[in-house]
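Novice: Sharing model20.cif (mmCIF, C-alpha atoms and all ligand atoms) below.
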data_input
loop_
_atom_site.group_PDB
_atom_site.id
_atom_site.type_symbol
_atom_site.label_atom_id
_atom_site.label_comp_id
_atom_site.auth_asym_id
_atom_site.auth_seq_id
_atom_site.Cartn_x
_atom_site.Cartn_y
_atom_site.Cartn_z
ATOM 1 C CA MET P 1 -7.934 -2.280 3.975
ATOM 2 C CA ARG P 2 -8.744 1.034 2.337
ATOM 3 C CA ILE P 3 -10.151 1.182 -1.208
ATOM 4 C CA ASP P 4 -10.688 4.373 -3.217
ATOM 5 C CA VAL P 5 -12.541 4.359 -6.544
ATOM 6 C CA ILE P 6 -12.459 7.407 -8.833
ATOM 7 C CA THR P 7 -15.171 7.286 -11.513
ATOM 8 C CA ILE P 8 -17.566 9.409 -13.565
ATOM 9 C CA PHE P 9 -20.359 7.017 -12.494
ATOM 10 C CA PRO P 10 -20.263 6.858 -8.666
ATOM 11 C CA GLU P 11 -23.782 5.345 -8.660
ATOM 12 C CA TYR P 12 -22.420 2.362 -10.631
ATOM 13 C CA LEU P 13 -20.514 1.392 -7.468
ATOM 14 C CA THR P 14 -23.594 1.230 -5.184
ATOM 15 C CA PRO P 15 -23.454 -2.610 -5.123
ATOM 16 C CA LEU P 16 -20.444 -2.102 -2.841
ATOM 17 C CA ASP P 17 -23.013 -1.145 -0.158
ATOM 18 C CA VAL P 18 -24.625 -4.595 -0.113
ATOM 19 C CA SER P 19 -23.843 -8.247 0.559
ATOM 20 C CA LEU P 20 -20.336 -9.370 1.482
ATOM 21 C CA VAL P 21 -18.533 -6.105 0.704
ATOM 22 C CA GLY P 22 -21.221 -3.957 2.342
ATOM 23 C CA LYS P 23 -21.107 -6.085 5.470
ATOM 24 C CA ALA P 24 -17.307 -5.934 5.589
ATOM 25 C CA ARG P 25 -17.564 -2.141 5.375
ATOM 26 C CA ARG P 26 -20.114 -1.942 8.169
ATOM 27 C CA ARG P 27 -17.931 -4.178 10.315
ATOM 28 C CA GLY P 28 -14.983 -1.838 9.780
ATOM 29 C CA LEU P 29 -12.914 -4.416 7.872
ATOM 30 C CA LEU P 30 -13.021 -2.397 4.671
ATOM 31 C CA ASP P 31 -12.955 1.376 4.186
ATOM 32 C CA VAL P 32 -14.389 2.074 0.687
ATOM 33 C CA ARG P 33 -14.485 5.639 -0.657
ATOM 34 C CA VAL P 34 -16.070 6.390 -4.046
ATOM 35 C CA HIS P 35 -15.189 9.721 -5.690
ATOM 36 C CA ASP P 36 -16.758 11.540 -8.655
ATOM 37 C CA LEU P 37 -13.982 12.398 -11.135
ATOM 38 C CA ARG P 38 -15.986 15.425 -12.309
ATOM 39 C CA GLU P 39 -15.350 17.062 -8.924
ATOM 40 C CA TRP P 40 -11.856 17.726 -10.276
ATOM 41 C CA THR P 41 -12.990 19.492 -13.476
ATOM 42 C CA HIS P 42 -13.124 23.279 -13.707
ATOM 43 C CA ASP P 43 -15.279 24.055 -16.749
ATOM 44 C CA ARG P 44 -19.019 24.574 -16.926
ATOM 45 C CA HIS P 45 -19.576 21.242 -18.686
ATOM 46 C CA ARG P 46 -17.332 19.331 -16.252
ATOM 47 C CA THR P 47 -15.454 17.883 -19.225
ATOM 48 C CA VAL P 48 -13.419 14.701 -18.698
ATOM 49 C CA ASP P 49 -12.741 13.669 -22.311
ATOM 50 C CA ASP P 50 -11.310 15.030 -25.562
ATOM 51 C CA THR P 51 -10.506 13.861 -29.091
ATOM 52 C CA PRO P 52 -7.533 11.525 -29.589
ATOM 53 C CA TYR P 53 -4.232 12.803 -30.951
ATOM 54 C CA GLY P 54 -3.516 10.992 -34.222
ATOM 55 C CA GLY P 55 -7.210 10.675 -34.987
ATOM 56 C CA GLY P 56 -9.407 7.610 -34.700
ATOM 57 C CA PRO P 57 -12.805 6.865 -33.231
ATOM 58 C CA GLY P 58 -14.021 7.713 -29.763
ATOM 59 C CA MET P 59 -12.767 10.016 -27.065
ATOM 60 C CA VAL P 60 -9.884 9.828 -24.604
ATOM 61 C CA MET P 61 -10.059 10.784 -20.917
ATOM 62 C CA LYS P 62 -8.082 13.962 -20.251
ATOM 63 C CA PRO P 63 -5.105 13.661 -17.907
ATOM 64 C CA GLU P 64 -5.726 16.799 -15.804
ATOM 65 C CA PRO P 65 -8.834 15.694 -13.828
ATOM 66 C CA TRP P 66 -7.236 12.294 -13.133
ATOM 67 C CA GLY P 67 -4.013 13.937 -11.965
ATOM 68 C CA GLU P 68 -5.779 16.327 -9.616
ATOM 69 C CA ALA P 69 -8.097 13.602 -8.292
ATOM 70 C CA LEU P 70 -5.255 11.171 -7.667
ATOM 71 C CA ASP P 71 -3.130 13.831 -5.977
ATOM 72 C CA ASP P 72 -6.018 14.701 -3.645
ATOM 73 C CA VAL P 73 -7.000 11.101 -2.897
ATOM 74 C CA ILE P 74 -3.471 9.820 -2.449
ATOM 75 C CA GLY P 75 -2.208 12.942 -0.729
ATOM 76 C CA GLY P 76 1.462 12.707 0.216
ATOM 77 C CA HIS P 77 1.384 8.925 0.243
ATOM 78 C CA GLY P 78 2.364 8.255 -3.337
ATOM 79 C CA ALA P 79 5.859 9.526 -2.634
ATOM 80 C CA GLU P 80 8.730 9.037 -5.066
ATOM 81 C CA HIS P 81 9.737 5.399 -5.581
ATOM 82 C CA ASP P 82 13.147 4.458 -4.186
ATOM 83 C CA VAL P 83 13.786 7.951 -2.897
ATOM 84 C CA PRO P 84 14.282 8.173 0.881
ATOM 85 C CA ARG P 85 11.364 9.934 2.487
ATOM 86 C CA ALA P 86 12.006 13.409 3.799
ATOM 87 C CA GLU P 87 12.138 13.659 7.582
ATOM 88 C CA GLU P 88 9.908 16.137 9.334
ATOM 89 C CA PRO P 89 11.548 18.217 12.117
ATOM 90 C CA ASP P 90 10.046 15.861 14.720
ATOM 91 C CA GLY P 91 11.721 12.902 13.057
ATOM 92 C CA GLU P 92 8.504 11.452 11.599
ATOM 93 C CA PRO P 93 8.581 10.667 7.892
ATOM 94 C CA ALA P 94 6.633 13.310 5.925
ATOM 95 C CA THR P 95 4.602 10.596 4.192
ATOM 96 C CA ALA P 96 4.224 8.040 6.948
ATOM 97 C CA GLY P 97 1.574 5.395 6.555
ATOM 98 C CA PRO P 98 0.628 2.914 3.882
ATOM 99 C CA ARG P 99 1.384 3.535 0.228
ATOM 100 C CA PRO P 100 -1.458 2.735 -2.176
ATOM 101 C CA VAL P 101 -1.305 0.449 -5.194
ATOM 102 C CA LEU P 102 -2.949 2.011 -8.238
ATOM 103 C CA VAL P 103 -5.235 -0.492 -10.011
ATOM 104 C CA VAL P 104 -6.170 0.463 -13.581
ATOM 105 C CA PRO P 105 -8.861 -1.766 -15.130
ATOM 106 C CA THR P 106 -8.275 -2.144 -18.868
ATOM 107 C CA PRO P 107 -8.848 -4.894 -21.436
ATOM 108 C CA SER P 108 -5.187 -4.316 -22.388
ATOM 109 C CA GLY P 109 -3.957 -5.257 -18.898
ATOM 110 C CA THR P 110 -2.565 -8.508 -17.527
ATOM 111 C CA PRO P 111 -5.207 -11.058 -16.438
ATOM 112 C CA PHE P 112 -6.855 -10.557 -13.051
ATOM 113 C CA THR P 113 -6.606 -14.025 -11.480
ATOM 114 C CA GLN P 114 -7.114 -15.516 -8.018
ATOM 115 C CA LYS P 115 -3.354 -15.133 -7.494
ATOM 116 C CA VAL P 116 -3.569 -11.417 -8.286
ATOM 117 C CA ALA P 117 -6.593 -11.109 -5.964
ATOM 118 C CA ALA P 118 -4.509 -12.632 -3.154
ATOM 119 C CA GLU P 119 -1.628 -10.254 -3.875
ATOM 120 C CA LEU P 120 -3.966 -7.255 -3.780
ATOM 121 C CA ALA P 121 -5.610 -8.550 -0.586
ATOM 122 C CA ALA P 122 -2.209 -8.302 1.111
ATOM 123 C CA GLU P 123 -1.998 -4.561 0.369
ATOM 124 C CA PRO P 124 -3.251 -1.988 2.883
ATOM 125 C CA TRP P 125 -4.645 0.425 0.263
ATOM 126 C CA LEU P 126 -5.901 0.137 -3.319
ATOM 127 C CA VAL P 127 -6.904 3.030 -5.599
ATOM 128 C CA PHE P 128 -9.008 2.061 -8.647
ATOM 129 C CA THR P 129 -9.315 4.270 -11.750
ATOM 130 C CA PRO P 130 -12.077 2.818 -13.952
ATOM 131 C CA ALA P 131 -12.087 4.521 -17.370
ATOM 132 C CA ARG P 132 -14.808 5.170 -19.921
ATOM 133 C CA TYR P 133 -14.510 5.989 -23.645
ATOM 134 C CA GLU P 134 -11.280 4.767 -25.271
ATOM 135 C CA GLY P 135 -9.342 4.927 -22.003
ATOM 136 C CA ILE P 136 -7.217 7.412 -20.067
ATOM 137 C CA ASP P 137 -4.410 9.494 -21.591
ATOM 138 C CA ARG P 138 -1.352 7.228 -21.218
ATOM 139 C CA ARG P 139 0.657 9.865 -19.393
ATOM 140 C CA VAL P 140 -1.436 9.360 -16.246
ATOM 141 C CA VAL P 141 -0.253 5.760 -15.802
ATOM 142 C CA ASP P 142 3.292 6.711 -16.822
ATOM 143 C CA ALA P 143 3.429 9.551 -14.284
ATOM 144 C CA TYR P 144 2.024 7.591 -11.318
ATOM 145 C CA ALA P 145 4.140 4.522 -12.130
ATOM 146 C CA GLN P 146 7.123 6.676 -11.131
ATOM 147 C CA ARG P 147 5.583 7.255 -7.706
ATOM 148 C CA MET P 148 3.850 4.010 -6.790
ATOM 149 C CA GLU P 149 3.059 0.485 -7.905
ATOM 150 C CA VAL P 150 0.591 0.482 -10.811
ATOM 151 C CA ARG P 151 -1.272 -2.656 -11.941
ATOM 152 C CA GLU P 152 -3.144 -2.579 -15.239
ATOM 153 C CA LEU P 153 -5.581 -5.483 -15.031
ATOM 154 C CA SER P 154 -8.111 -7.114 -17.345
ATOM 155 C CA VAL P 155 -11.013 -9.186 -16.001
ATOM 156 C CA GLY P 156 -11.388 -11.148 -19.230
ATOM 157 C CA ASP P 157 -10.927 -11.254 -22.974
ATOM 158 C CA TYR P 158 -13.905 -9.077 -23.826
ATOM 159 C CA VAL P 159 -14.439 -5.338 -23.954
ATOM 160 C CA LEU P 160 -16.868 -3.708 -21.528
ATOM 161 C CA ALA P 161 -18.227 -0.169 -21.777
ATOM 162 C CA GLY P 162 -16.096 0.925 -18.834
ATOM 163 C CA GLY P 163 -13.971 -0.170 -15.908
ATOM 164 C CA GLU P 164 -16.662 0.075 -13.215
ATOM 165 C CA ALA P 165 -17.964 -3.504 -13.575
ATOM 166 C CA PRO P 166 -14.364 -4.816 -13.445
ATOM 167 C CA VAL P 167 -13.866 -2.794 -10.230
ATOM 168 C CA LEU P 168 -16.913 -4.515 -8.695
ATOM 169 C CA VAL P 169 -15.470 -7.878 -9.726
ATOM 170 C CA MET P 170 -12.011 -7.164 -8.358
ATOM 171 C CA VAL P 171 -13.161 -5.588 -5.079
ATOM 172 C CA GLU P 172 -15.401 -8.576 -4.326
ATOM 173 C CA ALA P 173 -12.659 -11.098 -5.150
ATOM 174 C CA VAL P 174 -10.209 -9.204 -2.929
ATOM 175 C CA ALA P 175 -12.632 -8.459 -0.067
ATOM 176 C CA ARG P 176 -13.576 -12.102 0.494
ATOM 177 C CA LEU P 177 -9.896 -12.907 1.058
ATOM 178 C CA LEU P 178 -9.490 -10.348 3.850
ATOM 179 C CA PRO P 179 -9.190 -11.825 7.335
ATOM 180 C CA GLY P 180 -12.553 -11.968 9.083
ATOM 181 C CA VAL P 181 -14.697 -11.209 6.013
ATOM 182 C CA LEU P 182 -15.900 -14.753 5.309
ATOM 183 C CA GLY P 183 -17.931 -16.338 8.105
ATOM 184 C CA ASN P 184 -16.108 -19.636 7.943
ATOM 185 C CA ALA P 185 -12.345 -19.204 7.743
ATOM 186 C CA GLU P 186 -12.149 -22.456 5.775
ATOM 187 C CA SER P 187 -14.702 -21.567 3.159
ATOM 188 C CA HIS P 188 -12.363 -20.426 0.404
ATOM 189 C CA ARG P 189 -9.793 -23.193 0.873
ATOM 190 C CA ASP P 190 -11.154 -25.464 -1.873
ATOM 191 C CA ASP P 191 -12.511 -22.737 -4.139
ATOM 192 C CA SER P 192 -11.896 -23.094 -7.820
ATOM 193 C CA PHE P 193 -8.443 -21.573 -8.413
ATOM 194 C CA ALA P 194 -7.565 -21.433 -4.704
ATOM 195 C CA GLU P 195 -4.071 -22.429 -3.643
ATOM 196 C CA GLY P 196 -3.895 -25.632 -1.667
ATOM 197 C CA SER P 197 -5.229 -29.148 -2.011
ATOM 198 C CA MET P 198 -7.130 -28.527 -5.252
ATOM 199 C CA THR P 199 -4.585 -26.203 -6.852
ATOM 200 C CA SER P 200 -5.748 -25.091 -10.289
ATOM 201 C CA LEU P 201 -8.773 -27.389 -10.381
ATOM 202 C CA LEU P 202 -12.350 -26.206 -10.750
ATOM 203 C CA GLU P 203 -14.653 -26.928 -7.844
ATOM 204 C CA GLY P 204 -16.901 -29.962 -8.209
ATOM 205 C CA PRO P 205 -20.701 -30.082 -7.716
ATOM 206 C CA VAL P 206 -22.359 -29.492 -4.331
ATOM 207 C CA TYR P 207 -25.637 -30.786 -2.857
ATOM 208 C CA THR P 208 -27.946 -30.056 0.054
ATOM 209 C CA LYS P 209 -31.333 -31.312 1.292
ATOM 210 C CA PRO P 210 -33.699 -32.791 0.162
ATOM 211 C CA LEU P 211 -32.171 -36.183 -0.596
ATOM 212 C CA GLU P 212 -34.326 -36.518 -3.696
ATOM 213 C CA TRP P 213 -35.497 -33.626 -5.878
ATOM 214 C CA ARG P 214 -37.535 -34.028 -9.083
ATOM 215 C CA GLY P 215 -36.294 -37.585 -9.403
ATOM 216 C CA HIS P 216 -32.629 -36.636 -8.983
ATOM 217 C CA GLU P 217 -30.754 -38.066 -6.022
ATOM 218 C CA VAL P 218 -27.736 -36.901 -4.065
ATOM 219 C CA PRO P 219 -24.683 -39.096 -4.919
ATOM 220 C CA GLU P 220 -24.596 -41.969 -2.477
ATOM 221 C CA VAL P 221 -20.939 -41.456 -1.547
ATOM 222 C CA LEU P 222 -21.773 -38.124 0.126
ATOM 223 C CA LEU P 223 -24.090 -39.962 2.538
ATOM 224 C CA SER P 224 -21.504 -42.613 3.378
ATOM 225 C CA GLY P 225 -19.810 -40.720 6.200
ATOM 226 C CA HIS P 226 -16.521 -42.090 4.841
ATOM 227 C CA HIS P 227 -14.230 -39.055 4.649
ATOM 228 C CA GLY P 228 -11.621 -40.797 2.507
ATOM 229 C CA ARG P 229 -14.143 -41.879 -0.127
ATOM 230 C CA ILE P 230 -15.778 -38.443 -0.057
ATOM 231 C CA SER P 231 -12.550 -36.542 -0.612
ATOM 232 C CA ARG P 232 -11.509 -38.914 -3.437
ATOM 233 C CA TRP P 233 -14.909 -38.462 -5.077
ATOM 234 C CA ARG P 234 -14.623 -34.677 -4.768
ATOM 235 C CA ARG P 235 -11.130 -34.753 -6.266
ATOM 236 C CA ASP P 236 -12.351 -36.927 -9.187
ATOM 237 C CA GLU P 237 -15.326 -34.634 -9.831
ATOM 238 C CA ALA P 238 -13.015 -31.598 -9.761
ATOM 239 C CA LEU P 239 -10.719 -33.280 -12.297
ATOM 240 C CA ARG P 240 -13.653 -34.294 -14.498
ATOM 241 C CA ARG P 241 -15.147 -30.813 -14.498
ATOM 242 C CA THR P 242 -11.763 -29.228 -15.169
ATOM 243 C CA ALA P 243 -11.075 -31.620 -18.084
ATOM 244 C CA LEU P 244 -14.494 -30.795 -19.531
ATOM 245 C CA ASN P 245 -14.626 -27.013 -19.032
ATOM 246 C CA ARG P 246 -11.005 -25.863 -18.769
ATOM 247 C CA PRO P 247 -8.686 -28.573 -20.148
ATOM 248 C CA GLU P 248 -5.801 -26.079 -20.387
ATOM 249 C CA LEU P 249 -5.788 -25.835 -16.568
ATOM 250 C CA LEU P 250 -4.986 -29.550 -16.202
ATOM 251 C CA ARG P 251 -1.637 -29.092 -17.894
ATOM 252 C CA ALA P 252 -0.664 -26.732 -15.048
ATOM 253 C CA VAL P 253 -1.554 -29.267 -12.337
ATOM 254 C CA GLU P 254 1.434 -31.181 -11.009
ATOM 255 C CA PRO P 255 0.537 -34.904 -11.231
ATOM 256 C CA ALA P 256 1.248 -35.395 -7.512
ATOM 257 C CA ALA P 257 -1.354 -32.767 -6.623
ATOM 258 C CA THR P 258 -4.089 -34.874 -8.163
ATOM 259 C CA ASP P 259 -3.007 -37.857 -6.071
ATOM 260 C CA ARG P 260 -2.625 -36.036 -2.781
ATOM 261 C CA ALA P 261 -6.199 -36.704 -1.723
ATOM 262 C CA ASP P 262 -5.577 -40.449 -2.068
ATOM 263 C CA ARG P 263 -2.456 -40.406 0.045
ATOM 264 C CA ALA P 264 -4.104 -38.295 2.718
ATOM 265 C CA THR P 265 -6.729 -40.958 3.329
HETATM 266 N N1 LIG P 301 -12.622 -2.123 -19.322
HETATM 267 C C1 LIG P 301 -13.303 -2.544 -20.400
HETATM 268 N N2 LIG P 301 -13.181 -3.859 -20.573
HETATM 269 C C2 LIG P 301 -12.413 -4.316 -19.545
HETATM 270 C C3 LIG P 301 -11.920 -5.590 -19.162
HETATM 271 N N3 LIG P 301 -12.196 -6.695 -19.871
HETATM 272 N N4 LIG P 301 -11.162 -5.678 -18.062
HETATM 273 C C4 LIG P 301 -10.860 -4.577 -17.353
HETATM 274 N N5 LIG P 301 -11.275 -3.344 -17.668
HETATM 275 C C5 LIG P 301 -12.050 -3.207 -18.749
#
As structure tokens, what does this structure read like?
Ligand code: ADE

Specialist:
Amino acid sequence: MRIDVITIFPEYLTPLDVSLVGKARRRGLLDVRVHDLREWTHDRHRTVDDTPYGGGPGMVMKPEPWGEALDDVIGGHGAEHDVPRAEEPDGEPATAGPRPVLVVPTPSGTPFTQKVAAELAAEPWLVFTPARYEGIDRRVVDAYAQRMEVRELSVGDYVLAGGEAPVLVMVEAVARLLPGVLGNAESHRDDSFAEGSMTSLLEGPVYTKPLEWRGHEVPEVLLSGHHGRISRWRRDEALRRTALNRPELLRAVEPAATDRADRAT
């Protein structure tokens, strides 16, 4: 997968060099390119913002640098939607190759969920446009939505100072779903929010050695070696934690899903 990020704070994205994402990059599973938006300004002050039409507080990001940056980064690949691609004389499409999805982090977007992460992980190419100030001139999204898929996504019901931290969140959630990125292919099967046996339930508690720590013991059932009892206990703990922390999620769980672990044993 290829990921481009266009930002006025390229250094904010340096965590993408380390840990899971950094390793995936070094292993060639992920091609991440971070671009400085100010490279596409033409004035001495490298201006990217201006005052809002209609008045109001704060500044708005100007459309021109974003347009030039996106055109350069996307190249010919963001071709017109639903318009047959022009054929080159040799018969090859003029814009062959993957078409990117434009991901715009904004608190006004639709929620970024595990389901959205999985959808993005199935794409060959994502282009992120994290904004600062009061956001980007609306015409940028409107113009590129005519050429490619655009997803405006929020990482939560709070307002951050910019879209860079949401990009870090989204790239990590997507990267760990890419084939070969996680060491153990099974290790995201029972994640909180993962599809599958624990659909929509939060993950229960986990334990490792030592058996006793500061007077607290590992639950006996986990030492029993009885897989049926263990999976029932895990299912019950997941239900308990979900009821406590996210009761609204339980309403989305089909009753049969909470019984499946019993039947499987
Ligand atoms: N930019 C600022 N706040 C944000 C949020 N909650 N989600 C996505 N982008 C943002």

Novice: Counting all atoms listed in the file, which of P:Ala131, P:Ala194, P:Ala24, P:Ala243 gets nearest to ligand LIG 301 (chain P)?

Specialist: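 Looking only at the distances to ligand LIG 301 (chain P), the closest residue turns out to be P:Ala131.
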
Novice: Report, in Å with one decimal, the straight-line distance from atom CA of P:Ala238 to atom CA of P:Leu202.

Specialist: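 We find that atom CA of P:Ala238 and atom CA of P:Leu202 lie 5.5 Å from each other.
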
Novice: Sort by chain and increasing residue number a table of all residues of chain P within 12 Å of ligand LIG 301 (chain P), each with its closest pair of atoms and their distance in Å to one decimal, counting only C-alpha atoms and all ligand atoms, and write it as a Markdown table.

Specialist:
| residue | atom | partner | partner_atom | distance |
| --- | --- | --- | --- | --- |
| P:Val103 | CA | P:LIG301 | C4 | 10.1 |
| P:Val104 | CA | P:LIG301 | N5 | 7.6 |
| P:Pro105 | CA | P:LIG301 | N5 | 3.8 |
| P:Thr106 | CA | P:LIG301 | N5 | 3.4 |
| P:Pro107 | CA | P:LIG301 | C3 | 3.9 |
| P:Ser108 | CA | P:LIG301 | N4 | 7.5 |
| P:Gly109 | CA | P:LIG301 | C4 | 7.1 |
| P:Thr110 | CA | P:LIG301 | N4 | 9.1 |
| P:Pro111 | CA | P:LIG301 | N4 | 8.2 |
| P:Phe112 | CA | P:LIG301 | N4 | 8.2 |
| P:Thr113 | CA | P:LIG301 | N4 | 11.6 |
| P:Phe128 | CA | P:LIG301 | N5 | 10.8 |
| P:Thr129 | CA | P:LIG301 | N5 | 9.8 |
| P:Pro130 | CA | P:LIG301 | N5 | 7.2 |
| P:Ala131 | CA | P:LIG301 | N1 | 6.9 |
| P:Arg132 | CA | P:LIG301 | N1 | 7.6 |
| P:Tyr133 | CA | P:LIG301 | C1 | 9.2 |
| P:Glu134 | CA | P:LIG301 | C1 | 9.0 |
| P:Gly135 | CA | P:LIG301 | N1 | 8.2 |
| P:Ile136 | CA | P:LIG301 | N1 | 11.0 |
| P:Arg151 | CA | P:LIG301 | C4 | 11.2 |
| P:Glu152 | CA | P:LIG301 | C4 | 8.2 |
| P:Leu153 | CA | P:LIG301 | C4 | 5.8 |
| P:Ser154 | CA | P:LIG301 | N4 | 3.4 |
| P:Val155 | CA | P:LIG301 | N4 | 4.1 |
| P:Gly156 | CA | P:LIG301 | N3 | 4.6 |
| P:Asp157 | CA | P:LIG301 | N3 | 5.7 |
| P:Tyr158 | CA | P:LIG301 | N3 | 4.9 |
| P:Val159 | CA | P:LIG301 | N2 | 3.9 |
| P:Leu160 | CA | P:LIG301 | N2 | 3.8 |
| P:Ala161 | CA | P:LIG301 | C1 | 5.6 |
| P:Gly162 | CA | P:LIG301 | N1 | 4.6 |
| P:Gly163 | CA | P:LIG301 | N1 | 4.2 |
| P:Glu164 | CA | P:LIG301 | N1 | 7.6 |
| P:Ala165 | CA | P:LIG301 | N5 | 7.8 |
| P:Pro166 | CA | P:LIG301 | C4 | 5.3 |
| P:Val167 | CA | P:LIG301 | N5 | 7.9 |
| P:Leu168 | CA | P:LIG301 | C4 | 10.6 |
| P:Val169 | CA | P:LIG301 | C4 | 9.5 |
| P:Met170 | CA | P:LIG301 | C4 | 9.4 |

Novice: Using all atoms listed in the file, pick whichever of P:Leu244, P:Ile230, P:Val60, P:Val171 has the shortest atom-to-atom distance to P:Asp17.

Specialist: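 The shortest atom-to-atom distance to P:Asp17 comes from P:Val171.
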
Novice: For a test of reading the model, state the distance in Å between atom CA of P:Arg176 and atom CA of P:Val21, rounded to one decimal.

Specialist: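 Going from atom CA of P:Arg176 over to atom CA of P:Val21, I get 7.8 Å.
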
Novice: Generate the coordinates of N, CA and C atoms for stretch 232-245 of chain P; report them as a CSV table (one decimal), in the coordinates of the input.

Specialist:
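What ended up in part-v4.csv:
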chain,number,residue,atom,x,y,z
P,232,ARG,N,-11.9,-38.4,-2.1
P,232,ARG,CA,-11.5,-38.9,-3.4
P,232,ARG,C,-12.6,-38.6,-4.5
P,233,TRP,N,-13.8,-38.8,-4.1
P,233,TRP,CA,-14.9,-38.5,-5.1
P,233,TRP,C,-14.9,-37.0,-5.5
P,234,ARG,N,-14.7,-36.1,-4.5
P,234,ARG,CA,-14.6,-34.7,-4.8
P,234,ARG,C,-13.5,-34.4,-5.7
P,235,ARG,N,-12.3,-35.0,-5.4
P,235,ARG,CA,-11.1,-34.8,-6.3
P,235,ARG,C,-11.4,-35.2,-7.7
P,236,ASP,N,-12.1,-36.4,-7.9
P,236,ASP,CA,-12.4,-36.9,-9.2
P,236,ASP,C,-13.3,-36.0,-9.9
P,237,GLU,N,-14.3,-35.5,-9.2
P,237,GLU,CA,-15.3,-34.6,-9.8
P,237,GLU,C,-14.7,-33.3,-10.3
P,238,ALA,N,-13.7,-32.8,-9.4
P,238,ALA,CA,-13.0,-31.6,-9.8
P,238,ALA,C,-12.2,-31.8,-11.0
P,239,LEU,N,-11.5,-33.0,-11.1
P,239,LEU,CA,-10.7,-33.3,-12.3
P,239,LEU,C,-11.6,-33.4,-13.5
P,240,ARG,N,-12.7,-34.1,-13.4
P,240,ARG,CA,-13.7,-34.3,-14.5
P,240,ARG,C,-14.2,-33.0,-15.0
P,241,ARG,N,-14.6,-32.1,-14.1
P,241,ARG,CA,-15.1,-30.8,-14.5
P,241,ARG,C,-14.1,-29.9,-15.2
P,242,THR,N,-12.9,-30.0,-14.6
P,242,THR,CA,-11.8,-29.2,-15.2
P,242,THR,C,-11.4,-29.7,-16.6
P,243,ALA,N,-11.4,-31.1,-16.8
P,243,ALA,CA,-11.1,-31.6,-18.1
P,243,ALA,C,-12.1,-31.2,-19.1
P,244,LEU,N,-13.4,-31.1,-18.6
P,244,LEU,CA,-14.5,-30.8,-19.5
P,244,LEU,C,-14.5,-29.3,-19.9
P,245,ASN,N,-14.4,-28.5,-18.8
P,245,ASN,CA,-14.6,-27.0,-19.0
P,245,ASN,C,-13.4,-26.2,-19.3
